[in-house]
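Novice: Pasting in a structure now, in C-alpha cells, and then I'll have a few things to ask.
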Amino acid sequence: MISTKSRVPRQLIAYILKKGNSYQSDLFIVRYTKNDKHFSRYRAIISKKLLRGAVDRNKLRRQIYEIIRTKDAEREEKHAHDLILIPKKNILPRTFRQIEDDITKNIINRPHDQSEQA
RNA sequence: UAAACAAAUUUGAGUGGUCGCCUCUCACCCGCCUCAGGCGGGUGCGGGGAGGAAAGUCCGAGCACCACGGAAAAUCGCAGCCGGUAACACCGGGCCACGACGAAACCUAAUAAGAUCGUCGGAGGGAAAGUGCCACAGAGACGAUACUAUCCCGUACCUUUUUGUUUCAAAAAAGUGCGGGGGAAAGGUGAAAAGCCCGCUUCAGGCGGGACAUUCCCAAAAGUUUUCCUUCACGGAAAACAAGCGGGAAAGUGGGUAAACCCUGUGAGGUGCAAGGCGGGAUGGAAAGAUUUAUUUUCCUCCAAAUGUAAAUAAAUUUUCCCGCUGCUGGAGUUGUAAACGCGUCCGCCUCGUGCGGGCUCCAAACAACCAAGAUAGAUGACCACAUUUUUCCGCUUUCGGCGGAGAAAACAAAACUCGGCUUAUGAUAACUCGUUUAAGAG
RNA sequence: GCGGGUGUCGUAUAAGGGCUAUUACCACAGCCUUCCAAGCUGUUGAUACGGGUUCGAGUCCCGUCACCCGCU
C-alpha cells in the first residue's frame with residue numbers, strides 16, 4: 001500500500017478518465033495527465049466484472065500498489081504525471097512476479113513526455 | 001466401555017523477521033492567524049486496526065428529514081394459546097381427532113382401522129357468508145344423476161305354462177322387448193362418491209337414536225403474569241389472561257381446495273446516513289436545463305445585406321453533486337464468576353406418586369473487568385525463514401512403504417450509520433451433547 | 001448502498017393447476033439427386049437448484065443460485 005499523497009486525488013479521477021491520454025500495456029489500460037508535483041501519483045481501479053468477490057479485488061489492488069511502492073515510491077522527476085491503471089482480463093492467471101515485470105517495463109519506465117509530443 | 005459414522009452447539013487458521021498502510025494519545029519542529037490560544041503540515045515514541053457469518057438484504061427496531069384535521073376505502077403483510085422482548089414473520093414452553101413413522105393391550109377366525117404410548121415434523125383462523133376449480137376414469141365431482149341391478153304402471157303378443165276348446169279365439173301367470181314413472185340402501189371408477197355408526201320398516205321412498213365438528217352457557221384447568229402475606233428457606237393467598245378437556249342447551253347444516261378469489265381479526269404515512277446539520281464557495285471538474293451574446297454552417301427569401309429557422313462551438317448566468325467537519329462509533333454492549341425460580345435430562349430411594357433427594361445443560365438477579373476499527377475510487381499487503389497437513393514431479397531404497405530435493409495448496413469470505421433475528425456459504429483442530437452401527441462384558 | 005425484473009432442448013419461443021411439455025431453426029439418420037443445395041420422412045435433446053401446499057406443480061408459496069435493468 002502507498003500513502004494517500006502518492007495516490008491520485010479523488011476529484012481528479014473523473015477528469016483523467018475522460019480527458020487524459022491513453023495507452024495499453026500487456027495487462028493494463030493506462031490513462032494519465034501531467035501534474036505540477038515533483039513525483040508521480042497512481043491509482044488502480046478494478047472492475048466488478050473482472051473480479052466478483054471483494055476479497056480478491058482488494059488483494060489484486062494491494063499487490064499493484066505494493067509493486068508501485070517498491071519500484072517508484074516518491075521518486076524525484078522533472079515531469080511527473082497522474083496515472084490510472086485499469087487491469088485487463090488476462091491479468092487473472094498471472095503471478096505477482098509477472099505483474100511486477102509488466103508494470104516496471106511498460107509503465108514506470110515508459111517516457112510519457114515523448115508520446116505527448118508525438 | 002471402546003471404535004466408526006452422522007448431526008447440533010462452541011472455538012475461527014501456526015511462529016518469527018524486513019519494508020509499507022489507516023487511526024488515536026503524547027512530545028518536538030515548521031508556516032499562518034492571533035497573542036489564553038487556534039488552524040495546517042512534518043518527524044518520533046507508544047496504543048489500536050474486519051466476521052461468525054462482515055454476505056444475501058428476507059423480517060423487526062433505533063436515528064434523521066419530508067408530509068400530515070379526522071375517518072373510511074384501496075394496497076401490502078401477519079394468523080390456534082401463554083410468555084420472553086424495544087420490536088418481530090425471532091426464541092422458549094405447553095396444546096391439537098393435525099400429519100408421518102414405530103410399539104403393542106383390548107376387540108377379531110385373522111388382518112386392517114380405531115382409543116393409548118413414544119419419536120419426528122407442522123405458514124396451525126374461517127369451506128354451516130358467497131364465487132370459482134376438481135383433468136382422466138366414472139351413472140354421478142356438488143342447484144346430484146339414472147349405466148348395471150331393483151320396484152310400480154302401461155303396451156307388444158315374440159316365447160313357455162295353466163284354464164278352456166275339435167281347432168281358432170279368449171283369460172291368467174311367468175319371461176322378454178319397448179314406453180312412462182318411483183327412487184338411493186347395492187356396484188365398479190377415482191386422490192376424493194353425497195359425512196360416520198346402530199336399530200326398525202318399505203317394492204322402493206322412509207323413521208328413530210348415537211358419536212364428531214359449529215354457536216352459546218356453566219364448571220373446573222396445563223401454563224403464564226401481577227399484587228399481597230410469611231419466612232433463613234420451602235411456602236401460602238388473591239386477581240387477570242387462558243389453548244385444550246368435561247357437562248348442558250340450541251341449530252338440523254355436513255366432499256376437498258382458502259401457499260384460488262374471498263371473509264374475520266390485526267398491523268403498516270413516505271423516504272432512507274448517498275437521511276440530515278455546519279462551513280467553503282477562489283480556481284477547476286461532472287450532470288441538467290433555459291436565457292443572452294459572438295462565430296460558423298444549412299434552409300427560407302434573395303442581386304446583396306439585415307431579420308427569421310435549425311444545428312454546432314465558445315463565453316456568461318442558474319441548480320445539484322464533487323471538497324472539509326459533523327452525524328460516527330459506547331450499544332436493547334461483550335466477557336468472566338454465578339445465587340434463586342423454572343424447563344429439560346440423568347442417577348438413587350421408597351410409601352410407586354402430578355413423590356423425595358442429588359448431578360448436569362439452558363435461563364439469569366448480582367458482582368467484577370473491558371470498550372482499542374472508523375476507511376471514503378475505500379485502510380491488514382508483499383517478500384524471506386521455520387513448523388504441520390495434503391498433493392504433484394524427480395532420485396535412492398523397494399513387499400506394503402520409507403528417505404531426500406523441488407513446486408503447489410491450506411475454508412467460506414472482508415466493515416461502509418448502528419443494533420436484534422432469519423437464511424445461505426464454510427468446518428482444519430479441539431471440547432461437549434444426542435443418535436445409529438459394530439465389538440466385548442454383565443444381568 | 002437502495003430498488004425492480006427474468007430463468008423452458010444448442011438458439012429463439014408456446015403452454016387457464018390436469019400430456020407422453022408445443023413450434024421453428026440447428027444437429028443426426030433415411031429418401032430424393034451422378035453429387036451438393038432445396039424438398040420430404042423420422043430421431044435425439046429442456047421446465048436453474050432445494051423444499052412445501054395440492055389427488056396432481058413448468059404454473060401457487062418459501063429459500064438459494066445465475067443473469068439483466070434502474071437510482072446514486
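We name chains A, B, ... following the order of the C-alpha cells; residues begin at 1 in each chain, and ligands are numbered from 1 as shown.
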Compile the contact shell of region 54-64 of chain B as a list in words: residues with an atom at most 7 Å away, counting only C-alpha atoms (C1' of nucleotides), same-chain residues fewer than 6 positions apart removed.
Specialist: A86, A87, C88, A89, A275, G276, A414 and A415 of chain B
Novice: Could you give me, as a list in words, the residues within 9 Å of Leu27 (chain A), counting only C-alpha atoms (C1' of nucleotides) and dropping anything in the same chain fewer than 2 positions from it?
Specialist: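 Near neighbours after the sequence-gap exclusion: Gln24, Ser25, Ile29, Ile86, Pro87, Lys88, Lys89, Asn90, Ile91, Ile99, Asp102 and Ile103 of chain A.
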Novice: Residues of region 25-104 of chain A in alpha helix (DSSP H) according to DSSP, as a PyMOL selection string?
Specialist: chain A and resi 54-72+96-103
Novice: Taking only C-alpha atoms (C1' of nucleotides) into account, which of B:U437, B:U297, B:U418, B:U380 comes nearest G331 (chain B)?
Specialist: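 Smallest distance to G331 (chain B) is found for B:U418.
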Novice: Considering only C-alpha atoms (C1' of nucleotides), tabulate each residue of chain A that lies at most 6 Å from chain B along with its nearest interatomic pair and the corresponding distance in Å to one decimal; arrange the rows by chain and ascending residue number and present them as a tab-separated table.
Specialist:
```
residue	atom	partner	partner_atom	distance
A:Met1	CA	B:C21	C1'	5.3
A:Val55	CA	B:A414	C1'	6.0
A:Arg62	CA	B:G381	C1'	5.9
```
Novice: For the selection you just gave me, I'd like the residues written to a file as an mmCIF file, in the first residue's frame, keeping C-alpha atoms.
Specialist:
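Here's the written file result.cif:
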```
data_model
loop_
_atom_site.group_PDB
_atom_site.id
_atom_site.type_symbol
_atom_site.label_atom_id
_atom_site.label_comp_id
_atom_site.auth_asym_id
_atom_site.auth_seq_id
_atom_site.Cartn_x
_atom_site.Cartn_y
_atom_site.Cartn_z
ATOM 1 C CA MET A 1 0.000 0.000 0.000
ATOM 2 C CA VAL A 55 -11.604 -10.195 -1.125
ATOM 3 C CA ARG A 62 -2.898 -4.184 -2.858
#
```
Novice: Just the residues within 12 Å of A220 (chain B), please, counting only C-alpha atoms (C1' of nucleotides), with nothing from its chain fewer than 6 positions along; format it as a PDB file with C-alpha atoms (C1' of nucleotides), in the first residue's frame.
Specialist:
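File produced: selection36.pdb:
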```pdb
ATOM      1  C1'   C B 245     -60.717 -31.047  28.187  1.00  0.00           C
ATOM      2  C1'   G B 246     -65.770 -32.070  30.602  1.00  0.00           C
ATOM      3  C1'   G B 247     -71.279 -31.079  31.213  1.00  0.00           C
TER       4        G B 247
END
```
Novice: Quick one: residues within 12 Å of C40 (chain C), only C-alpha atoms (C1' of nucleotides), excluding same-chain residues fewer than 4 positions away - as a list in words?
Specialist: G30, C31 and C32 of chain C
Novice: Take the residues from that selection and write them out as a CSV table (one decimal), in the first residue's frame, keeping C-alpha atoms (C1' of nucleotides).
Specialist:
```
chain,number,residue,atom,x,y,z
C,30,G,C1',-33.0,-42.2,-44.1
C,31,C,C1',-35.4,-40.9,-49.0
C,32,C,C1',-34.7,-38.0,-53.4
```
Novice: Which residues, written as a list in words, have at least one atom at most 9 Å from region 51-54 of chain C, with only C-alpha atoms (C1' of nucleotides) counted and residues fewer than 5 positions away on the same chain left out?
Specialist: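 Surrounding residues, per the criterion: U257 and A259 of chain B; C60, C61, C62 and G63 of chain C.
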Novice: For Arg31 (chain A), find every residue with an atom within 8 Å (counting only C-alpha atoms (C1' of nucleotides)), except residues of its own chain fewer than 2 positions away, and show them as a PyMOL selection string.
Specialist: chain A and resi 16-17+20-23+29+33+83-85
Novice: Please produce a file of those selected residues containing N, CA, C and O atoms, as a PDB file, in the first residue's frame.
Specialist:
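Result file is result.pdb:
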```
ATOM      1  N   ILE A  16      -9.511  12.696 -15.421  1.00  0.00           N
ATOM      2  CA  ILE A  16      -8.464  11.947 -16.116  1.00  0.00           C
ATOM      3  C   ILE A  16      -9.074  10.861 -17.006  1.00  0.00           C
ATOM      4  O   ILE A  16      -8.655  10.652 -18.141  1.00  0.00           O
ATOM      5  N   LEU A  17     -10.090  10.168 -16.486  1.00  0.00           N
ATOM      6  CA  LEU A  17     -10.710   9.101 -17.268  1.00  0.00           C
ATOM      7  C   LEU A  17     -11.327   9.650 -18.541  1.00  0.00           C
ATOM      8  O   LEU A  17     -11.343   9.004 -19.584  1.00  0.00           O
ATOM      9  N   GLY A  20      -7.886  12.410 -20.223  1.00  0.00           N
ATOM     10  CA  GLY A  20      -6.482  12.080 -20.205  1.00  0.00           C
ATOM     11  C   GLY A  20      -6.043  11.285 -21.415  1.00  0.00           C
ATOM     12  O   GLY A  20      -6.853  10.732 -22.161  1.00  0.00           O
ATOM     13  N   ASN A  21      -4.702  11.232 -21.624  1.00  0.00           N
ATOM     14  CA  ASN A  21      -4.151  10.418 -22.689  1.00  0.00           C
ATOM     15  C   ASN A  21      -4.222   8.953 -22.283  1.00  0.00           C
ATOM     16  O   ASN A  21      -4.307   8.617 -21.108  1.00  0.00           O
ATOM     17  N   SER A  22      -4.126   8.065 -23.311  1.00  0.00           N
ATOM     18  CA  SER A  22      -4.381   6.661 -23.044  1.00  0.00           C
ATOM     19  C   SER A  22      -3.444   5.788 -23.849  1.00  0.00           C
ATOM     20  O   SER A  22      -3.065   6.132 -24.961  1.00  0.00           O
ATOM     21  N   TYR A  23      -2.992   4.689 -23.232  1.00  0.00           N
ATOM     22  CA  TYR A  23      -2.311   3.613 -23.973  1.00  0.00           C
ATOM     23  C   TYR A  23      -2.529   2.333 -23.205  1.00  0.00           C
ATOM     24  O   TYR A  23      -3.067   2.333 -22.096  1.00  0.00           O
ATOM     25  N   ILE A  29      -4.824  -1.099 -18.932  1.00  0.00           N
ATOM     26  CA  ILE A  29      -5.166   0.105 -19.670  1.00  0.00           C
ATOM     27  C   ILE A  29      -4.721   1.275 -18.783  1.00  0.00           C
ATOM     28  O   ILE A  29      -5.014   1.294 -17.585  1.00  0.00           O
ATOM     29  N   THR A  33      -2.367  12.139 -17.035  1.00  0.00           N
ATOM     30  CA  THR A  33      -2.144  13.538 -17.392  1.00  0.00           C
ATOM     31  C   THR A  33      -0.879  13.993 -16.674  1.00  0.00           C
ATOM     32  O   THR A  33      -0.394  13.332 -15.755  1.00  0.00           O
ATOM     33  N   LEU A  83      -1.357   8.857 -12.949  1.00  0.00           N
ATOM     34  CA  LEU A  83      -1.680   7.700 -13.781  1.00  0.00           C
ATOM     35  C   LEU A  83      -2.785   6.874 -13.119  1.00  0.00           C
ATOM     36  O   LEU A  83      -2.804   6.692 -11.906  1.00  0.00           O
ATOM     37  N   ILE A  84      -3.700   6.378 -13.967  1.00  0.00           N
ATOM     38  CA  ILE A  84      -4.750   5.470 -13.505  1.00  0.00           C
ATOM     39  C   ILE A  84      -4.562   4.144 -14.222  1.00  0.00           C
ATOM     40  O   ILE A  84      -4.493   4.110 -15.459  1.00  0.00           O
ATOM     41  N   LEU A  85      -4.439   3.039 -13.464  1.00  0.00           N
ATOM     42  CA  LEU A  85      -4.213   1.722 -14.024  1.00  0.00           C
ATOM     43  C   LEU A  85      -5.499   0.914 -13.926  1.00  0.00           C
ATOM     44  O   LEU A  85      -6.080   0.787 -12.844  1.00  0.00           O
TER      45      LEU A  85
END
```
Novice: Counting only C-alpha atoms (C1' of nucleotides), which of C:A66, C:C28, C:C19, C:A12 gets nearest to A48 (chain C)?
Specialist: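 The shortest atom-to-atom distance to A48 (chain C) comes from C:A66.
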Novice: So that I can check the surroundings of C9 (chain C), please list as a list in words every protein, DNA and RNA residue that reaches within 12 Å of it, counting only C-alpha atoms (C1' of nucleotides) and ignoring chain neighbours fewer than 4 positions away.
Specialist: U13, A21, C26, A27, U44, G45, A46 and U47 of chain C
Novice: Write the residues you've just listed into a file as a PDB file, in the first residue's frame, and include C-alpha atoms (C1' of nucleotides) for each of them.
Specialist:
```pdb
ATOM      1  C1'   U C  13     -40.311 -19.080 -28.424  1.00  0.00           C
ATOM      2  C1'   A C  21     -44.294 -30.399 -22.118  1.00  0.00           C
ATOM      3  C1'   C C  26     -29.736 -26.180 -35.706  1.00  0.00           C
ATOM      4  C1'   A C  27     -27.722 -31.394 -35.105  1.00  0.00           C
ATOM      5  C1'   U C  44     -32.136 -37.103 -30.155  1.00  0.00           C
ATOM      6  C1'   G C  45     -32.415 -33.206 -26.794  1.00  0.00           C
ATOM      7  C1'   A C  46     -35.254 -28.864 -21.877  1.00  0.00           C
ATOM      8  C1'   U C  47     -39.011 -26.637 -17.206  1.00  0.00           C
TER       9        U C  47
END
```
